[in-house]
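Listing of final.txt, compact mmCIF, C-alpha atoms
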# COMPACT_ATOMS: atom_id res chain seq x y z
CA MET A 283 39.52 77.99 50.52
CA ASP A 284 38.88 75.25 52.98
CA CYS A 285 35.41 75.16 51.65
CA PHE A 286 36.68 74.74 48.12
CA ALA A 287 39.13 72.08 49.20
CA THR A 288 36.34 70.24 50.93
CA GLU A 289 34.12 70.53 47.90
CA LYS A 290 37.02 69.40 45.77
CA GLU A 291 37.53 66.34 47.99
CA ILE A 292 33.81 65.62 47.96
CA ALA A 293 33.78 65.98 44.18
CA LEU A 294 36.83 63.73 43.86
CA SER A 295 35.31 61.14 46.13
CA GLN A 296 32.06 61.29 44.15
CA LEU A 297 34.06 61.00 40.94
CA SER A 298 35.98 58.01 42.23
CA SER A 299 32.72 56.47 43.44
CA ALA A 300 31.17 57.06 40.02
CA GLU A 301 34.27 55.62 38.37
CA SER A 302 34.13 52.49 40.55
CA GLN A 303 30.40 52.15 39.80
CA LEU A 304 31.16 52.59 36.11
CA ARG A 305 33.88 49.90 36.31
CA GLY A 306 31.44 47.63 38.13
CA MET A 307 28.82 48.24 35.46
CA LYS A 308 31.41 47.60 32.73
CA GLU A 309 32.37 44.33 34.40
CA LYS A 310 28.71 43.31 34.71
CA SER A 311 28.14 44.35 31.12
CA SER A 312 31.17 42.34 30.03
CA ILE A 313 29.94 39.30 31.94
CA GLN A 314 26.47 39.71 30.41
CA GLU A 315 27.99 40.05 26.93
CA LYS A 316 29.91 36.80 27.47
CA LYS A 317 26.72 35.09 28.66
CA ILE A 318 24.84 36.45 25.63
CA GLU A 319 27.59 35.20 23.31
CA GLU A 320 27.51 31.78 24.97
CA LEU A 321 23.71 31.66 24.67
CA GLU A 322 23.89 32.75 21.03
CA ALA A 323 26.48 30.07 20.32
CA ARG A 324 24.39 27.44 22.09
CA LEU A 325 21.28 28.65 20.25
CA ALA A 326 23.11 28.50 16.90
CA SER A 327 24.28 24.98 17.73
CA GLU A 328 20.74 23.90 18.71
CA LEU A 329 19.35 25.53 15.56
CA ALA A 330 21.86 23.68 13.36
CA LYS A 331 21.07 20.44 15.18
CA SER A 332 17.31 21.00 14.76
CA LYS A 333 17.76 21.78 11.06
CA SER A 334 19.79 18.62 10.63
CA GLU A 335 17.17 16.54 12.42
CA ALA A 336 14.42 18.17 10.36
CA LYS A 337 16.25 17.33 7.12
CA LYS A 338 16.76 13.77 8.30
CA ALA A 339 13.09 13.43 9.28
CA LYS A 340 12.01 14.90 5.94
CA ALA A 341 14.22 12.44 4.05
CA GLU A 342 12.81 9.53 6.08
CA ALA A 343 9.25 10.73 5.49
CA GLU A 344 9.89 11.04 1.75
CA ALA A 345 11.36 7.52 1.68
CA ILE A 346 8.33 6.16 3.54
CA MET A 347 5.99 8.03 1.19
CA ALA A 348 7.83 6.59 -1.81
CA VAL A 349 7.38 3.08 -0.41
CA TYR A 350 3.68 3.71 0.26
CA ARG A 351 3.20 5.13 -3.22
CA ALA A 352 4.93 2.11 -4.76
CA ASP A 353 2.80 -0.22 -2.62
CA ALA A 354 -0.36 1.63 -3.60
CA LYS A 355 0.55 1.43 -7.27
CA ALA A 356 1.34 -2.30 -6.97
CA THR A 357 -1.97 -2.83 -5.17
CA GLN A 358 -3.82 -1.01 -7.93
CA VAL A 359 -2.12 -3.18 -10.55
CA GLN A 360 -2.96 -6.32 -8.58
CA ALA A 361 -6.57 -5.20 -8.16
CA ARG A 362 -6.85 -4.48 -11.87
CA GLU A 363 -5.36 -7.88 -12.71
CA ALA A 364 -7.68 -9.59 -10.22
CA ALA A 365 -10.67 -7.83 -11.77
CA GLU A 366 -9.60 -8.88 -15.25
CA THR A 367 -9.09 -12.45 -14.05
CA ALA A 368 -12.50 -12.46 -12.37
CA GLN A 369 -14.11 -11.09 -15.50
CA THR A 370 -12.42 -13.73 -17.67
CA ARG A 371 -13.41 -16.46 -15.22
CA ALA A 372 -17.02 -15.22 -15.19
CA HIS A 373 -17.05 -15.36 -18.99
CA TRP A 374 -15.85 -18.96 -19.01
CA ILE A 375 -18.29 -19.96 -16.27
CA ALA A 376 -21.09 -18.56 -18.45
CA GLU A 377 -19.67 -20.48 -21.41
CA LEU A 378 -19.60 -23.64 -19.28
CA ALA A 379 -23.25 -23.16 -18.35
CA LYS A 380 -24.15 -22.73 -22.03
CA CYS A 381 -22.21 -25.86 -22.97
CA GLN A 382 -23.84 -27.86 -20.19
CA SER A 383 -27.27 -26.66 -21.26
CA TRP A 384 -26.55 -27.52 -24.90
CA ARG A 385 -25.26 -30.99 -23.98
CA GLU A 386 -28.28 -31.64 -21.76
CA THR A 387 -30.59 -30.57 -24.59
CA LEU A 388 -28.80 -32.91 -26.99
CA GLU A 389 -29.04 -35.75 -24.46
CA GLU A 390 -32.79 -35.13 -24.09
CA ILE A 391 -33.20 -35.25 -27.85
CA HIS A 392 -31.06 -38.42 -27.95
CA ALA A 393 -33.30 -39.94 -25.28
CA GLN A 394 -36.25 -39.45 -27.63
CA GLY A 395 -34.63 -41.80 -30.13
CA PHE A 396 -32.52 -39.51 -32.34
CA ASP A 397 -28.87 -40.47 -32.90
CA LEU A 398 -26.93 -37.43 -31.72
CA THR A 399 -23.98 -39.31 -30.21
CA GLU A 400 -21.40 -37.40 -32.24
CA GLU A 401 -22.93 -34.01 -31.39
CA ILE A 402 -23.10 -34.98 -27.70
CA ILE A 403 -19.42 -35.98 -27.72
CA LYS A 404 -18.51 -32.63 -29.30
CA ALA A 405 -20.69 -30.80 -26.76
CA ARG A 406 -18.95 -32.67 -23.92
CA GLU A 407 -15.54 -31.66 -25.33
CA ARG A 408 -16.60 -28.00 -25.48
CA GLU A 409 -18.01 -28.31 -21.98
CA THR A 410 -14.73 -29.83 -20.78
CA ASP A 411 -12.74 -26.99 -22.35
CA ALA A 412 -15.03 -24.35 -20.85
CA GLY A 413 -14.88 -26.11 -17.46
CA VAL A 414 -11.10 -26.08 -17.47
CA LEU A 415 -10.97 -22.42 -18.45
CA SER A 416 -13.60 -21.43 -15.88
CA SER A 417 -11.87 -23.04 -12.91
CA SER A 418 -9.18 -21.04 -11.20
CA SER A 419 -7.91 -23.85 -8.97
CA SER A 420 -8.30 -27.54 -8.35
CA ASP A 421 -10.81 -26.75 -5.56
CA ASP A 422 -13.20 -25.33 -8.15
CA ASP A 423 -13.21 -28.59 -10.12
CA ALA A 424 -15.82 -30.13 -7.83
CA GLU A 425 -18.14 -27.18 -8.38
CA SER A 426 -17.75 -27.14 -12.16
CA LYS A 427 -18.53 -30.82 -12.79
CA SER A 428 -21.80 -31.47 -14.59
CA GLY A 429 -24.60 -33.83 -13.64
CA SER A 430 -23.76 -36.21 -16.50
CA GLU A 431 -20.71 -37.48 -14.65
CA SER A 432 -22.73 -40.00 -12.70
CA GLY A 433 -21.27 -42.82 -14.79
CA GLU A 434 -24.35 -43.41 -16.93
CA ASP A 435 -24.07 -43.74 -20.69
CA LEU A 436 -26.46 -41.98 -23.03
CA ASP A 437 -28.68 -45.06 -23.07
CA GLY A 438 -28.87 -45.23 -19.25
CA GLU A 439 -26.30 -48.06 -18.97
CA GLU A 440 -23.16 -47.99 -16.85
CA ALA A 441 -20.28 -46.50 -18.84
CA ALA A 442 -16.79 -47.92 -18.95
CA PRO A 443 -14.33 -46.18 -16.57
CA GLY A 444 -12.62 -44.22 -19.37
CA GLU A 445 -15.88 -42.97 -20.86
CA ASN A 446 -16.99 -40.76 -17.98
CA TYR A 447 -16.93 -37.05 -18.64
CA GLU A 448 -14.49 -35.23 -16.38
CA PRO A 449 -13.55 -31.59 -16.98
Would you mind writing the file out in structure tokens?
Amino acid sequence: MDCFATEKEIALSQLSSAESQLRGMKEKSSIQEKKIEELEARLASELAKSKSEAKKAKAEAEAIMAVYRADAKATQVQAREAAETAQTRAHWIAELAKCQSWRETLEEIHAQGFDLTEEIIKARERETDAGVLSSSSSDDDAESKSGSESGEDLDGEEAAPGENYEP
């Protein structure tokens, strides 16, 4: 019986040791569960924060893209308008050259003794109109003036101040 009592005591002490180990494990498990819950909560918070920042960044990027698209469209419109303006200006420069050539031809014929004063005046008016339309700014005026502006009349005499051709 003593043997059984001893075995019983040994078994009870092993049981109490196992119970205390089990309690210790439960406590550790409980602490780990709390840590896991805290980490999950922190992770959820960080995830929500990251999602919010991502939405904000996406909205900012879309706004920037909208501005760039609008700028690109405005630039295309400006480029198209500039091309049209350049094309129109080139047309009028060509017209000016034609008018100058025609006037010079008439002046050469006039120099040979034919009276083409009226035709020359009309040619100068057309040349003036074409010169005005071909120039895009006042700086271009110097380039678009013809050689007949030297102050000489058709007969080679000095012209009166108001008679000079000026586009």
Between CA of Lys380 in chain A and CA of Glu409 in chain A, what is the distance, to one decimal in Å?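 These two atoms are separated by 8.3 Å.
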Point-to-point distance from CA of Ala341 in chain A to CA of Ala356 in chain A, Å rounded to tenths: 22.5 Å
Hey, can you check how far CA of Gln360 in chain A sits from CA of Ala343 in chain A?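 According to the coordinates, CA of Gln360 in chain A and CA of Ala343 in chain A are separated by 25.3 Å.
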Counting only C-alpha atoms, which of A:Ala405, A:Ala345, A:Ala352, A:Met283 gets nearest to Ser383 in chain A?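 Among the listed residues, A:Ala405 lies closest to Ser383 in chain A.
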Complete the atoms of range 317-328 of chain A to N, CA and C atoms and put them out as a short mmCIF file (atom, residue, chain, number, x, y, z; two decimals), in the frame of the given file.
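Output file selection.cif follows:
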data_model
loop_
_atom_site.label_atom_id
_atom_site.label_comp_id
_atom_site.auth_asym_id
_atom_site.auth_seq_id
_atom_site.Cartn_x
_atom_site.Cartn_y
_atom_site.Cartn_z
N LYS A 317 27.85 36.00 28.52
CA LYS A 317 26.72 35.09 28.66
C LYS A 317 25.85 35.12 27.40
N ILE A 318 25.63 36.31 26.87
CA ILE A 318 24.84 36.45 25.63
C ILE A 318 25.53 35.72 24.48
N GLU A 319 26.84 35.89 24.36
CA GLU A 319 27.59 35.20 23.31
C GLU A 319 27.50 33.69 23.47
N GLU A 320 27.62 33.22 24.73
CA GLU A 320 27.51 31.78 24.97
C GLU A 320 26.11 31.27 24.60
N LEU A 321 25.09 32.04 25.00
CA LEU A 321 23.71 31.66 24.67
C LEU A 321 23.48 31.67 23.16
N GLU A 322 24.02 32.69 22.49
CA GLU A 322 23.89 32.75 21.03
C GLU A 322 24.58 31.57 20.37
N ALA A 323 25.76 31.21 20.87
CA ALA A 323 26.48 30.07 20.32
C ALA A 323 25.70 28.77 20.56
N ARG A 324 25.18 28.63 21.78
CA ARG A 324 24.39 27.44 22.09
C ARG A 324 23.11 27.39 21.24
N LEU A 325 22.48 28.56 21.08
CA LEU A 325 21.28 28.65 20.25
C LEU A 325 21.59 28.30 18.79
N ALA A 326 22.70 28.81 18.28
CA ALA A 326 23.11 28.50 16.90
C ALA A 326 23.37 27.00 16.75
N SER A 327 24.00 26.42 17.75
CA SER A 327 24.28 24.98 17.73
C SER A 327 22.97 24.18 17.74
N GLU A 328 22.04 24.58 18.62
CA GLU A 328 20.74 23.90 18.71
C GLU A 328 19.95 24.08 17.41
#
